[in-house]
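Data block for coords-v9.cif (mmCIF, C-alpha atoms):
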data_target
loop_
_atom_site.group_PDB
_atom_site.id
_atom_site.type_symbol
_atom_site.label_atom_id
_atom_site.label_comp_id
_atom_site.auth_asym_id
_atom_site.auth_seq_id
_atom_site.Cartn_x
_atom_site.Cartn_y
_atom_site.Cartn_z
ATOM 1 C CA MET A 1070 0.000 0.000 0.000
ATOM 2 C CA LYS A 1071 1.265 3.458 -0.919
ATOM 3 C CA THR A 1072 1.455 6.236 1.629
ATOM 4 C CA LYS A 1073 -0.048 9.629 1.002
ATOM 5 C CA LEU A 1074 3.426 11.161 0.531
ATOM 6 C CA GLU A 1075 4.378 8.557 -2.083
ATOM 7 C CA ARG A 1076 1.130 9.152 -4.014
ATOM 8 C CA THR A 1077 1.798 12.923 -3.897
ATOM 9 C CA ILE A 1078 5.345 12.480 -5.239
ATOM 10 C CA LYS A 1079 4.048 10.230 -8.016
ATOM 11 C CA PHE A 1080 1.418 12.782 -8.966
ATOM 12 C CA SER A 1081 4.052 15.594 -8.977
ATOM 13 C CA LEU A 1082 6.311 13.581 -11.294
ATOM 14 C CA THR A 1083 3.348 13.015 -13.592
ATOM 15 C CA ILE A 1084 2.671 16.786 -13.688
ATOM 16 C CA ASP A 1085 6.342 17.423 -14.468
ATOM 17 C CA LEU A 1086 6.200 15.073 -17.450
ATOM 18 C CA TYR A 1087 3.055 16.761 -18.705
ATOM 19 C CA THR A 1088 4.713 20.195 -18.210
ATOM 20 C CA GLU A 1089 7.670 19.161 -20.361
ATOM 21 C CA ALA A 1090 5.315 17.920 -23.052
ATOM 22 C CA THR A 1091 3.428 21.219 -22.856
ATOM 23 C CA HIS A 1092 6.611 23.216 -23.159
ATOM 24 C CA TYR A 1093 7.584 21.266 -26.236
ATOM 25 C CA VAL A 1094 4.173 21.743 -27.872
ATOM 26 C CA LEU A 1095 4.132 25.486 -27.110
ATOM 27 C CA ASN A 1096 7.538 25.927 -28.669
ATOM 28 C CA ILE A 1097 6.553 24.284 -31.951
ATOM 29 C CA PRO A 1098 4.902 27.475 -33.341
ATOM 30 C CA TYR A 1099 7.890 29.551 -32.188
ATOM 31 C CA LEU A 1100 10.387 27.298 -33.919
ATOM 32 C CA TYR A 1101 8.250 27.184 -37.012
ATOM 33 C CA THR A 1102 7.971 31.012 -37.031
ATOM 34 C CA LEU A 1103 11.735 31.372 -36.847
ATOM 35 C CA THR A 1104 12.045 29.075 -39.830
ATOM 36 C CA ILE A 1105 9.562 31.189 -41.823
ATOM 37 C CA LYS A 1106 11.387 34.428 -40.951
ATOM 38 C CA LYS A 1107 14.697 32.933 -41.994
ATOM 39 C CA ARG A 1108 13.247 31.927 -45.328
ATOM 40 C CA ASN A 1109 11.743 35.409 -45.815
ATOM 41 C CA ASN A 1110 15.113 37.015 -45.080
ATOM 42 C CA MET A 1111 16.615 34.795 -47.743
ATOM 43 C CA SER A 1112 14.076 36.300 -50.136
ATOM 44 C CA GLN A 1113 12.437 32.911 -50.678
ATOM 45 C CA PRO A 1114 8.927 32.979 -52.076
ATOM 46 C CA ASN A 1115 5.991 32.526 -49.700
ATOM 47 C CA LEU A 1116 4.753 29.015 -50.204
ATOM 48 C CA GLY A 1117 1.502 29.596 -48.371
ATOM 49 C CA PHE A 1118 2.513 28.430 -44.865
ATOM 50 C CA PRO A 1119 0.270 29.581 -42.006
ATOM 51 C CA SER A 1120 1.261 32.583 -39.958
ATOM 52 C CA GLY A 1121 2.906 32.319 -36.558
ATOM 53 C CA LYS A 1122 -0.209 33.582 -34.783
ATOM 54 C CA PHE A 1123 -2.312 30.865 -36.332
ATOM 55 C CA LEU A 1124 0.230 28.216 -35.372
ATOM 56 C CA GLY A 1125 0.333 29.489 -31.800
ATOM 57 C CA THR A 1126 -3.443 29.186 -31.550
ATOM 58 C CA LEU A 1127 -3.263 25.710 -33.045
ATOM 59 C CA GLY A 1128 -0.598 24.715 -30.497
ATOM 60 C CA VAL A 1129 -2.741 25.894 -27.624
ATOM 61 C CA ILE A 1130 -5.698 23.899 -28.962
ATOM 62 C CA LEU A 1131 -3.524 20.802 -29.305
ATOM 63 C CA LEU A 1132 -2.228 21.286 -25.778
ATOM 64 C CA ILE A 1133 -5.737 21.584 -24.363
ATOM 65 C CA ALA A 1134 -6.783 18.474 -26.265
ATOM 66 C CA ILE A 1135 -3.812 16.518 -24.893
ATOM 67 C CA VAL A 1136 -4.519 17.673 -21.348
ATOM 68 C CA VAL A 1137 -8.209 16.784 -21.683
ATOM 69 C CA ILE A 1138 -7.330 13.326 -22.971
ATOM 70 C CA ILE A 1139 -4.731 12.693 -20.282
ATOM 71 C CA PHE A 1140 -6.904 13.977 -17.436
ATOM 72 C CA SER A 1141 -10.190 12.550 -18.648
ATOM 73 C CA ASN A 1142 -12.467 10.639 -16.264
ATOM 74 C CA ALA A 1143 -10.936 7.352 -17.392
ATOM 75 C CA THR A 1144 -7.653 8.195 -15.654
ATOM 76 C CA PHE A 1145 -9.184 8.759 -12.217
ATOM 77 C CA ILE A 1146 -10.705 5.968 -10.146
ATOM 78 C CA THR A 1147 -11.828 5.437 -6.580
ATOM 79 C CA ILE A 1148 -11.702 1.898 -5.195
ATOM 80 C CA ASP A 1149 -14.316 1.403 -2.482
ATOM 81 C CA ALA A 1150 -14.018 -0.558 0.759
ATOM 82 C CA GLY A 1151 -14.254 -4.290 0.158
ATOM 83 C CA GLU A 1152 -12.667 -3.984 -3.293
ATOM 84 C CA ARG A 1153 -9.222 -4.444 -4.810
ATOM 85 C CA GLY A 1154 -7.850 -3.406 -8.203
ATOM 86 C CA VAL A 1155 -5.379 -4.812 -10.725
ATOM 87 C CA LEU A 1156 -3.859 -2.765 -13.550
ATOM 88 C CA PHE A 1157 -3.319 -3.876 -17.124
ATOM 89 C CA LYS A 1158 -0.579 -1.861 -18.841
ATOM 90 C CA ARG A 1159 -1.251 -1.896 -22.538
ATOM 91 C CA PHE A 1160 2.194 -0.780 -23.708
ATOM 92 C CA SER A 1161 4.480 -1.829 -20.857
ATOM 93 C CA GLY A 1162 4.298 -5.422 -19.699
ATOM 94 C CA GLY A 1163 0.594 -6.275 -19.622
ATOM 95 C CA LEU A 1164 -0.926 -7.313 -16.287
ATOM 96 C CA GLU A 1165 0.825 -5.833 -13.250
ATOM 97 C CA LYS A 1166 1.170 -8.796 -10.871
ATOM 98 C CA THR A 1167 3.405 -7.213 -8.256
ATOM 99 C CA LYS A 1168 0.921 -4.571 -7.129
ATOM 100 C CA ILE A 1169 -2.641 -4.806 -5.886
ATOM 101 C CA TYR A 1170 -4.515 -1.500 -5.654
ATOM 102 C CA SER A 1171 -6.173 -1.042 -2.271
ATOM 103 C CA PRO A 1172 -9.271 1.082 -1.464
ATOM 104 C CA GLY A 1173 -8.773 4.787 -2.164
ATOM 105 C CA PHE A 1174 -8.152 7.273 -5.006
ATOM 106 C CA HIS A 1175 -5.848 6.269 -7.864
ATOM 107 C CA VAL A 1176 -4.601 7.844 -11.116
ATOM 108 C CA TYR A 1177 -3.426 5.864 -14.123
ATOM 109 C CA ALA A 1178 -2.746 6.496 -17.793
ATOM 110 C CA PRO A 1179 -5.820 6.453 -20.014
ATOM 111 C CA TRP A 1180 -4.415 3.759 -22.292
ATOM 112 C CA ASN A 1181 -4.177 1.349 -19.332
ATOM 113 C CA SER A 1182 -7.107 -0.556 -17.822
ATOM 114 C CA MET A 1183 -8.026 -1.009 -14.153
ATOM 115 C CA TYR A 1184 -10.061 -4.096 -13.142
ATOM 116 C CA ILE A 1185 -11.935 -3.880 -9.847
ATOM 117 C CA TYR A 1186 -12.684 -7.043 -7.818
ATOM 118 C CA ASN A 1187 -15.212 -7.417 -5.036
ATOM 119 C CA VAL A 1188 -13.340 -9.216 -2.234
ATOM 120 C CA ARG A 1189 -16.281 -9.375 0.157
ATOM 121 C CA GLU A 1190 -17.750 -12.752 1.048
ATOM 122 C CA GLN A 1191 -20.048 -13.818 -1.784
ATOM 123 C CA GLN A 1192 -22.771 -16.460 -1.672
ATOM 124 C CA LEU A 1193 -23.614 -19.054 -4.305
ATOM 125 C CA GLU A 1194 -26.763 -21.179 -4.027
ATOM 126 C CA GLU A 1195 -26.807 -24.288 -6.173
ATOM 127 C CA GLN A 1196 -29.534 -26.900 -6.703
ATOM 128 C CA MET A 1197 -28.613 -30.113 -8.488
ATOM 129 C CA ASP A 1198 -29.653 -33.716 -9.084
ATOM 130 C CA VAL A 1199 -27.043 -36.303 -8.089
ATOM 131 C CA LEU A 1200 -26.869 -40.086 -7.769
ATOM 132 C CA SER A 1201 -26.422 -41.954 -4.503
ATOM 133 C CA SER A 1202 -24.196 -45.022 -4.095
ATOM 134 C CA ASN A 1203 -27.056 -47.319 -5.182
ATOM 135 C CA GLY A 1204 -27.945 -45.205 -8.221
ATOM 136 C CA LEU A 1205 -30.968 -43.396 -6.779
ATOM 137 C CA ASN A 1206 -31.599 -39.851 -8.035
ATOM 138 C CA ILE A 1207 -31.386 -37.274 -5.214
ATOM 139 C CA ARG A 1208 -31.904 -33.510 -5.293
ATOM 140 C CA VAL A 1209 -29.488 -31.488 -3.192
ATOM 141 C CA ASP A 1210 -29.551 -27.762 -2.337
ATOM 142 C CA VAL A 1211 -26.127 -26.381 -1.419
ATOM 143 C CA THR A 1212 -24.989 -22.926 -0.300
ATOM 144 C CA VAL A 1213 -21.343 -21.897 -0.668
ATOM 145 C CA ARG A 1214 -19.760 -18.746 0.798
ATOM 146 C CA ALA A 1215 -16.362 -17.672 -0.552
ATOM 147 C CA HIS A 1216 -14.267 -14.653 -1.565
ATOM 148 C CA PRO A 1217 -11.131 -14.009 -3.663
ATOM 149 C CA SER A 1218 -7.860 -14.381 -1.792
ATOM 150 C CA PHE A 1219 -6.714 -10.818 -1.115
ATOM 151 C CA ASP A 1220 -3.115 -11.381 -2.165
ATOM 152 C CA LYS A 1221 -3.938 -13.419 -5.292
ATOM 153 C CA ILE A 1222 -6.147 -11.011 -7.252
ATOM 154 C CA PRO A 1223 -3.743 -10.697 -10.251
ATOM 155 C CA GLU A 1224 -3.427 -14.486 -10.564
ATOM 156 C CA LEU A 1225 -7.207 -14.906 -10.282
ATOM 157 C CA HIS A 1226 -7.758 -12.251 -12.950
ATOM 158 C CA GLU A 1227 -5.225 -13.818 -15.302
ATOM 159 C CA THR A 1228 -6.578 -17.368 -14.856
ATOM 160 C CA PHE A 1229 -10.366 -16.985 -14.504
ATOM 161 C CA GLY A 1230 -11.269 -13.304 -14.896
ATOM 162 C CA LYS A 1231 -13.925 -11.308 -13.075
ATOM 163 C CA ASP A 1232 -16.583 -13.963 -13.729
ATOM 164 C CA PHE A 1233 -14.721 -16.480 -11.566
ATOM 165 C CA ILE A 1234 -17.926 -17.505 -9.735
ATOM 166 C CA GLN A 1235 -19.340 -18.960 -12.940
ATOM 167 C CA SER A 1236 -16.073 -20.182 -14.437
ATOM 168 C CA LEU A 1237 -14.535 -21.633 -11.252
ATOM 169 C CA ILE A 1238 -16.713 -21.889 -8.141
ATOM 170 C CA ARG A 1239 -19.955 -23.203 -9.656
ATOM 171 C CA PRO A 1240 -18.333 -26.084 -11.618
ATOM 172 C CA GLU A 1241 -16.208 -27.090 -8.632
ATOM 173 C CA VAL A 1242 -19.246 -27.091 -6.323
ATOM 174 C CA ARG A 1243 -21.144 -29.378 -8.690
ATOM 175 C CA SER A 1244 -18.179 -31.716 -9.072
ATOM 176 C CA SER A 1245 -17.502 -31.963 -5.340
ATOM 177 C CA VAL A 1246 -21.141 -32.540 -4.378
ATOM 178 C CA ARG A 1247 -21.567 -35.305 -6.969
ATOM 179 C CA LYS A 1248 -18.343 -36.984 -5.886
ATOM 180 C CA ILE A 1249 -19.147 -36.969 -2.156
ATOM 181 C CA ILE A 1250 -22.869 -37.790 -2.398
ATOM 182 C CA GLY A 1251 -22.053 -40.789 -4.600
ATOM 183 C CA ARG A 1252 -20.353 -42.483 -1.635
ATOM 184 C CA PHE A 1253 -23.506 -42.727 0.523
ATOM 185 C CA THR A 1254 -26.885 -44.433 0.442
ATOM 186 C CA PRO A 1255 -30.162 -42.441 0.529
ATOM 187 C CA GLU A 1256 -30.834 -43.593 4.083
ATOM 188 C CA GLU A 1257 -27.440 -42.322 5.273
ATOM 189 C CA LEU A 1258 -27.955 -38.989 3.531
ATOM 190 C CA TYR A 1259 -31.464 -38.566 4.897
ATOM 191 C CA SER A 1260 -30.820 -39.465 8.506
ATOM 192 C CA THR A 1261 -27.558 -40.555 10.068
ATOM 193 C CA ARG A 1262 -24.615 -39.111 8.120
ATOM 194 C CA ARG A 1263 -25.724 -35.768 6.771
ATOM 195 C CA GLU A 1264 -23.259 -33.783 8.900
ATOM 196 C CA GLU A 1265 -20.420 -36.025 7.769
ATOM 197 C CA VAL A 1266 -21.352 -35.461 4.120
ATOM 198 C CA GLN A 1267 -21.373 -31.685 4.618
ATOM 199 C CA THR A 1268 -17.940 -31.775 6.268
ATOM 200 C CA LEU A 1269 -16.470 -33.861 3.438
ATOM 201 C CA ILE A 1270 -17.870 -31.489 0.791
ATOM 202 C CA GLN A 1271 -16.385 -28.475 2.573
ATOM 203 C CA LYS A 1272 -12.940 -30.062 2.899
ATOM 204 C CA ASP A 1273 -12.884 -31.115 -0.744
ATOM 205 C CA LEU A 1274 -13.998 -27.680 -1.984
ATOM 206 C CA GLU A 1275 -11.607 -25.854 0.326
ATOM 207 C CA SER A 1276 -8.663 -27.823 -1.038
ATOM 208 C CA THR A 1277 -9.624 -27.178 -4.665
ATOM 209 C CA LEU A 1278 -10.504 -23.482 -4.396
ATOM 210 C CA SER A 1279 -7.437 -22.562 -2.343
ATOM 211 C CA LYS A 1280 -5.269 -23.781 -5.228
ATOM 212 C CA ASN A 1281 -7.201 -21.459 -7.542
ATOM 213 C CA PHE A 1282 -6.858 -18.220 -5.527
ATOM 214 C CA VAL A 1283 -10.258 -18.356 -3.761
ATOM 215 C CA THR A 1284 -10.868 -18.691 -0.007
ATOM 216 C CA LEU A 1285 -13.828 -20.858 1.042
ATOM 217 C CA ARG A 1286 -15.717 -19.740 4.143
ATOM 218 C CA ALA A 1287 -18.482 -22.380 4.323
ATOM 219 C CA ALA A 1288 -20.230 -25.105 2.333
ATOM 220 C CA LEU A 1289 -23.692 -25.887 3.694
ATOM 221 C CA ILE A 1290 -26.300 -28.475 2.701
ATOM 222 C CA ARG A 1291 -29.645 -26.703 2.885
ATOM 223 C CA GLU A 1292 -31.850 -29.608 1.842
ATOM 224 C CA ILE A 1293 -31.695 -33.198 0.597
ATOM 225 C CA SER A 1294 -34.845 -34.260 -1.269
ATOM 226 C CA LEU A 1295 -35.603 -37.943 -1.915
ATOM 227 C CA PRO A 1296 -38.406 -39.442 -4.047
ATOM 228 C CA GLU A 1297 -41.622 -39.676 -2.040
ATOM 229 C CA LYS A 1298 -41.749 -43.488 -1.945
ATOM 230 C CA VAL A 1299 -38.137 -43.768 -0.879
ATOM 231 C CA ARG A 1300 -38.559 -41.117 1.797
ATOM 232 C CA THR A 1301 -41.690 -42.842 3.161
ATOM 233 C CA ALA A 1302 -39.943 -46.222 3.226
ATOM 234 C CA ILE A 1303 -36.972 -44.768 5.075
ATOM 235 C CA GLU A 1304 -39.206 -43.045 7.619
ATOM 236 C CA GLU A 1305 -41.178 -46.268 8.236
ATOM 237 C CA LYS A 1306 -37.953 -48.183 8.648
ATOM 238 C CA ILE A 1307 -36.645 -45.612 11.101
ATOM 239 C CA GLN A 1308 -39.901 -45.799 13.080
ATOM 240 C CA ALA A 1309 -39.732 -49.609 13.157
ATOM 241 C CA GLU A 1310 -36.140 -49.463 14.323
ATOM 242 C CA GLN A 1311 -37.081 -47.003 17.049
ATOM 243 C CA LEU A 1312 -39.961 -49.230 18.167
ATOM 244 C CA SER A 1313 -37.686 -52.272 18.180
ATOM 245 C CA LEU A 1314 -35.170 -50.389 20.237
ATOM 246 C CA LYS A 1315 -37.948 -49.421 22.627
ATOM 247 C CA PHE A 1316 -39.024 -53.044 23.106
ATOM 248 C CA GLU A 1317 -35.439 -54.145 23.517
ATOM 249 C CA TYR A 1318 -35.047 -51.540 26.197
ATOM 250 C CA ILE A 1319 -38.227 -52.713 27.990
ATOM 251 C CA LEU A 1320 -37.141 -56.357 27.808
ATOM 252 C CA ASP A 1321 -33.737 -55.443 29.072
ATOM 253 C CA GLN A 1322 -35.283 -53.571 32.003
ATOM 254 C CA GLU A 1323 -37.560 -56.530 32.819
ATOM 255 C CA LYS A 1324 -34.661 -58.920 32.629
ATOM 256 C CA GLN A 1325 -32.628 -56.744 34.930
ATOM 257 C CA GLU A 1326 -35.589 -56.501 37.365
ATOM 258 C CA SER A 1327 -36.053 -60.287 37.308
ATOM 259 C CA GLU A 1328 -32.396 -60.824 37.988
ATOM 260 C CA ARG A 1329 -32.600 -58.299 40.802
ATOM 261 C CA LYS A 1330 -35.530 -60.158 42.425
ATOM 262 C CA ILE A 1331 -33.765 -63.506 42.100
ATOM 263 C CA ILE A 1332 -30.675 -62.090 43.693
ATOM 264 C CA GLU A 1333 -32.776 -60.520 46.438
ATOM 265 C CA ALA A 1334 -34.639 -63.799 47.122
ATOM 266 C CA LYS A 1335 -31.384 -65.736 47.213
ATOM 267 C CA ALA A 1336 -29.995 -63.214 49.637
ATOM 268 C CA LYS A 1337 -33.046 -63.527 51.895
ATOM 269 C CA ALA A 1338 -32.925 -67.326 51.783
ATOM 270 C CA GLU A 1339 -29.286 -67.373 52.675
ATOM 271 C CA SER A 1340 -29.948 -64.867 55.426
ATOM 272 C CA ASN A 1341 -32.760 -67.048 56.865
ATOM 273 C CA GLN A 1342 -30.577 -70.124 56.724
ATOM 274 C CA ILE A 1343 -27.839 -68.353 58.573
ATOM 275 C CA LEU A 1344 -30.331 -66.970 61.090
ATOM 276 C CA THR A 1345 -32.002 -70.362 61.646
ATOM 277 C CA ALA A 1346 -28.692 -72.029 62.163
ATOM 278 C CA SER A 1347 -27.625 -69.420 64.681
ATOM 279 C CA LEU A 1348 -30.840 -69.477 66.823
ATOM 280 C CA SER A 1349 -30.989 -71.472 70.139
ATOM 281 C CA ASP A 1350 -33.488 -71.832 73.021
ATOM 282 C CA LYS A 1351 -31.585 -69.409 75.186
ATOM 283 C CA ILE A 1352 -31.510 -66.796 72.406
ATOM 284 C CA LEU A 1353 -35.253 -67.220 71.874
ATOM 285 C CA LYS A 1354 -35.938 -66.798 75.593
ATOM 286 C CA ASP A 1355 -33.793 -63.667 75.692
ATOM 287 C CA LYS A 1356 -35.706 -62.267 72.715
ATOM 288 C CA GLY A 1357 -38.996 -63.110 74.508
ATOM 289 C CA ILE A 1358 -37.893 -61.304 77.633
ATOM 290 C CA GLU A 1359 -36.889 -58.263 75.572
ATOM 291 C CA ALA A 1360 -40.291 -58.256 73.870
ATOM 292 C CA THR A 1361 -42.048 -58.582 77.263
ATOM 293 C CA LEU A 1362 -40.169 -55.601 78.629
ATOM 294 C CA LYS A 1363 -41.116 -53.511 75.628
ATOM 295 C CA LEU A 1364 -44.775 -54.496 76.015
ATOM 296 C CA ALA A 1365 -44.682 -53.627 79.694
ATOM 297 C CA ASN A 1366 -43.500 -50.104 78.866
ATOM 298 C CA SER A 1367 -46.058 -49.645 76.094
ATOM 299 C CA PRO A 1368 -49.257 -47.665 76.872
ATOM 300 C CA ASN A 1369 -51.210 -50.189 74.769
ATOM 301 C CA SER A 1370 -50.058 -53.193 76.770
ATOM 302 C CA LYS A 1371 -52.695 -55.522 78.205
ATOM 303 C CA ILE A 1372 -52.417 -57.998 81.015
ATOM 304 C CA ILE A 1373 -49.167 -59.939 81.027
ATOM 305 C CA ILE A 1374 -48.945 -63.106 83.131
ATOM 306 C CA ILE A 1375 -45.421 -64.133 83.976
ATOM 307 C CA GLY A 1376 -45.332 -67.882 84.321
ATOM 308 C CA SER A 1377 -44.289 -71.098 82.742
ATOM 309 C CA GLY A 1378 -46.119 -70.919 79.488
ATOM 310 C CA LYS A 1379 -45.075 -72.730 76.342
ATOM 311 C CA ASP A 1380 -41.298 -72.722 76.028
ATOM 312 C CA GLY A 1381 -41.144 -70.966 79.411
ATOM 313 C CA LEU A 1382 -42.128 -67.570 77.919
ATOM 314 C CA PRO A 1383 -44.647 -65.145 79.452
ATOM 315 C CA LEU A 1384 -48.352 -65.423 78.588
ATOM 316 C CA ILE A 1385 -49.943 -62.385 77.033
ATOM 317 C CA LEU A 1386 -53.709 -62.299 77.253
ATOM 318 C CA GLY A 1387 -55.536 -61.440 74.067
ATOM 319 C CA ASN A 1388 -52.947 -62.941 71.719
ATOM 320 C CA GLN A 1389 -54.187 -66.542 71.926
ATOM 321 C CA ASN A 1390 -57.328 -67.882 70.282
#
Mind turning the file's structure into C-alpha cells?
Amino acid sequence: MKTKLERTIKFSLTIDLYTEATHYVLNIPYLYTLTIKKRNNMSQPNLGFPSGKFLGTLGVILLIAIVVIIFSNATFITIDAGERGVLFKRFSGGLEKTKIYSPGFHVYAPWNSMYIYNVREQQLEEQMDVLSSNGLNIRVDVTVRAHPSFDKIPELHETFGKDFIQSLIRPEVRSSVRKIIGRFTPEELYSTRREEVQTLIQKDLESTLSKNFVTLRAALIREISLPEKVRTAIEEKIQAEQLSLKFEYILDQEKQESERKIIEAKAKAESNQILTASLSDKILKDKGIEATLKLANSPNSKIIIIGSGKDGLPLILGNQN
C-alpha cells in the first residue's frame, strides 16, 4: 500500500512530465515562425505556410486536447471498501502482478485498464440432481460462501477473470457434491450421516478453491430431497427401528428386574438359613424377655402373666385364640 506522501510524489512527477510535453508543444509554433522568418530574409517565395499567430493558436488547442485526454475521467478511479484493483498496462508489460490497488483514489494512464474485484464474502446457491451409491436420483440444495484471496487477485484475474464464480466456483461445487454424495446411500444422507457429508464437501472444496486463488468460508447443505416413496420407506424403517429399540429396552429392564428379584430372594434365603442355624433356646428366651419388657412399657399393653407358658415364655392375654 502506498502512503499519502508517495502518491503525492508520483502525482508531482506526472505533472512534471506533462509540463515538459506542454513546453515542447508550445515551442513548436515559435520554432516554425523562426524558420519562416529565416526563409523570408533569404528572399524565398511565400509558399503559403500559415502565420505564426495561427500556429500558436493551433498549439494551444492541441495542448488543451492533450490535457483533456490525459486527465479525462478514465484516468481517475476510486476503489471502495471491500474492493481491490489490478492494472493492465497496454504498452508496458501487460498485467501488473506485483501490485494490488487497495481502497482509495488512484490515477493511471488512459491507455491502461483497471479491473476492480469485489473481495467481500459472496454467496452461491446451487440446486442439483445427483446419484447416490445405489444409483438413486437425489436432489441437493447447497450454499457456498467464498471470496477471492486478497493477495492473489492478479493471478485470479489472469486465470479466470472477473466472472470467476461462474467459471470456477460453480463447476467445482457441482463436481464436489456429486463426488461426495455418490459415496452414501439415501438412508445415510437422509438421517444418520448428513453432517459427515457436509464436512467432506467443505474439505474437498476448500482444497480445490485454495489452489485457484479463492478462499472458502463455508459449504452448507440446505436440503436433501428424496423421491416420495423412498422417503416414506426410510421413515417407516426408522420408526420400526425405534420401536424395536424401545421393546429391547423394555425387555432389558424386565430382565434386569427379574435378575434383581432372584438375587434378592437368594440373599433372603441365605440370610434365613444363617439366622435359623444361629438361633438357640436361650436366644429365643432372651428375645422373649426383651419383647415382654417392651410391652410392659407400652401404653397399649394388656395384662401380662409371667409364668411357665409354652417354652417358658410369658403369657400375654388377648394374643391366643
Test item: the PyMOL selection byres ((chain A and resi 1144-1161) around 9) resolved as a count of residues only: 37
Using all atoms listed in the file, I'd like a table of the residues in region 1129-1238 of chain A that come within 12 Å of region 1255-1266 of chain A; for each, show the closest atom pair and its distance in Å rounded to one decimal, ordered by chain and ascending number, as JSON lines.
{"residue": "A:Val1199", "atom": "CA", "partner": "A:Pro1255", "partner_atom": "CA", "distance": 11.0}
{"residue": "A:Leu1200", "atom": "CA", "partner": "A:Pro1255", "partner_atom": "CA", "distance": 9.2}
{"residue": "A:Ser1201", "atom": "CA", "partner": "A:Pro1255", "partner_atom": "CA", "distance": 6.3}
{"residue": "A:Ser1202", "atom": "CA", "partner": "A:Pro1255", "partner_atom": "CA", "distance": 8.0}
{"residue": "A:Asn1203", "atom": "CA", "partner": "A:Pro1255", "partner_atom": "CA", "distance": 8.1}
{"residue": "A:Gly1204", "atom": "CA", "partner": "A:Pro1255", "partner_atom": "CA", "distance": 9.4}
{"residue": "A:Leu1205", "atom": "CA", "partner": "A:Pro1255", "partner_atom": "CA", "distance": 7.4}
{"residue": "A:Asn1206", "atom": "CA", "partner": "A:Pro1255", "partner_atom": "CA", "distance": 9.1}
{"residue": "A:Ile1207", "atom": "CA", "partner": "A:Pro1255", "partner_atom": "CA", "distance": 7.8}
{"residue": "A:Arg1208", "atom": "CA", "partner": "A:Pro1255", "partner_atom": "CA", "distance": 10.8}
{"residue": "A:Val1209", "atom": "CA", "partner": "A:Leu1258", "partner_atom": "CA", "distance": 10.2}
{"residue": "A:Val1211", "atom": "CA", "partner": "A:Val1266", "partner_atom": "CA", "distance": 11.7}
Identify which of the residues A:Ala1287, A:Leu1274, A:Ile1331, A:Ala1215 lies closest to Arg1243 (chain A), counting all atoms listed in the file when measuring atom-to-atom distances. A:Leu1274
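Straight-line separation from CA of Gln1311 (chain A) to CA of Glu1292 (chain A): 23.7 Å.
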Gap from CA of Leu1289 (chain A) to CA of Thr1212 (chain A) - Å, one decimal: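 If I compute the distance from CA of Leu1289 (chain A) to CA of Thr1212 (chain A), I get 5.1 Å.
Counting from CA of Ile1249 (chain A), the distance to CA of Leu1225 (chain A) is 26.4 Å.
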So which one's closest to Asp1210 (chain A), A:Ser1276, A:Thr1254, A:Ser1294, A:Thr1228? Using all atoms listed in the file, please.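 Of A:Ser1276, A:Thr1254, A:Ser1294, A:Thr1228, the one nearest Asp1210 (chain A) is A:Ser1294, counting all atoms listed in the file.
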List the residues sitting within 7 Å of (-6.8, -15.0, -5.3) in the file's frame, using all atoms listed in the file, as an mmCIF file with C-alpha atoms, keeping the file's coordinate frame.
data_model
loop_
_atom_site.group_PDB
_atom_site.id
_atom_site.type_symbol
_atom_site.label_atom_id
_atom_site.label_comp_id
_atom_site.auth_asym_id
_atom_site.auth_seq_id
_atom_site.Cartn_x
_atom_site.Cartn_y
_atom_site.Cartn_z
ATOM 1 C CA PRO A 1217 -11.131 -14.009 -3.663
ATOM 2 C CA SER A 1218 -7.860 -14.381 -1.792
ATOM 3 C CA PHE A 1219 -6.714 -10.818 -1.115
ATOM 4 C CA ASP A 1220 -3.115 -11.381 -2.165
ATOM 5 C CA LYS A 1221 -3.938 -13.419 -5.292
ATOM 6 C CA ILE A 1222 -6.147 -11.011 -7.252
ATOM 7 C CA GLU A 1224 -3.427 -14.486 -10.564
ATOM 8 C CA LEU A 1225 -7.207 -14.906 -10.282
ATOM 9 C CA ASN A 1281 -7.201 -21.459 -7.542
ATOM 10 C CA PHE A 1282 -6.858 -18.220 -5.527
ATOM 11 C CA VAL A 1283 -10.258 -18.356 -3.761
#
Can you give me N, CA and C atoms for region 1185-1194 of chain A, written as an mmCIF file, keeping the file's coordinate frame?
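Below you can see result_36.cif, which holds the result:
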data_model
loop_
_atom_site.group_PDB
_atom_site.id
_atom_site.type_symbol
_atom_site.label_atom_id
_atom_site.label_comp_id
_atom_site.auth_asym_id
_atom_site.auth_seq_id
_atom_site.Cartn_x
_atom_site.Cartn_y
_atom_site.Cartn_z
ATOM 1 N N ILE A 1185 -11.553 -3.923 -11.245
ATOM 2 C CA ILE A 1185 -11.935 -3.880 -9.847
ATOM 3 C C ILE A 1185 -12.592 -5.203 -9.449
ATOM 4 N N TYR A 1186 -12.139 -5.791 -8.327
ATOM 5 C CA TYR A 1186 -12.684 -7.043 -7.818
ATOM 6 C C TYR A 1186 -13.351 -6.830 -6.462
ATOM 7 N N ASN A 1187 -14.521 -7.398 -6.317
ATOM 8 C CA ASN A 1187 -15.212 -7.417 -5.036
ATOM 9 C C ASN A 1187 -14.629 -8.551 -4.182
ATOM 10 N N VAL A 1188 -13.974 -8.200 -3.075
ATOM 11 C CA VAL A 1188 -13.340 -9.216 -2.234
ATOM 12 C C VAL A 1188 -14.161 -9.516 -0.989
ATOM 13 N N ARG A 1189 -15.395 -9.006 -0.945
ATOM 14 C CA ARG A 1189 -16.281 -9.375 0.157
ATOM 15 C C ARG A 1189 -16.725 -10.828 -0.002
ATOM 16 N N GLU A 1190 -17.236 -11.377 1.096
ATOM 17 C CA GLU A 1190 -17.750 -12.752 1.048
ATOM 18 C C GLU A 1190 -18.984 -12.797 0.146
ATOM 19 N N GLN A 1191 -18.954 -13.687 -0.828
ATOM 20 C CA GLN A 1191 -20.048 -13.818 -1.784
ATOM 21 C C GLN A 1191 -20.695 -15.195 -1.641
ATOM 22 N N GLN A 1192 -21.999 -15.235 -1.896
ATOM 23 C CA GLN A 1192 -22.771 -16.460 -1.672
ATOM 24 C C GLN A 1192 -23.278 -17.029 -2.993
ATOM 25 N N LEU A 1193 -23.119 -18.334 -3.128
ATOM 26 C CA LEU A 1193 -23.614 -19.054 -4.305
ATOM 27 C C LEU A 1193 -24.564 -20.143 -3.831
ATOM 28 N N GLU A 1194 -25.785 -20.136 -4.336
ATOM 29 C CA GLU A 1194 -26.763 -21.179 -4.027
ATOM 30 C C GLU A 1194 -26.942 -22.055 -5.261
#
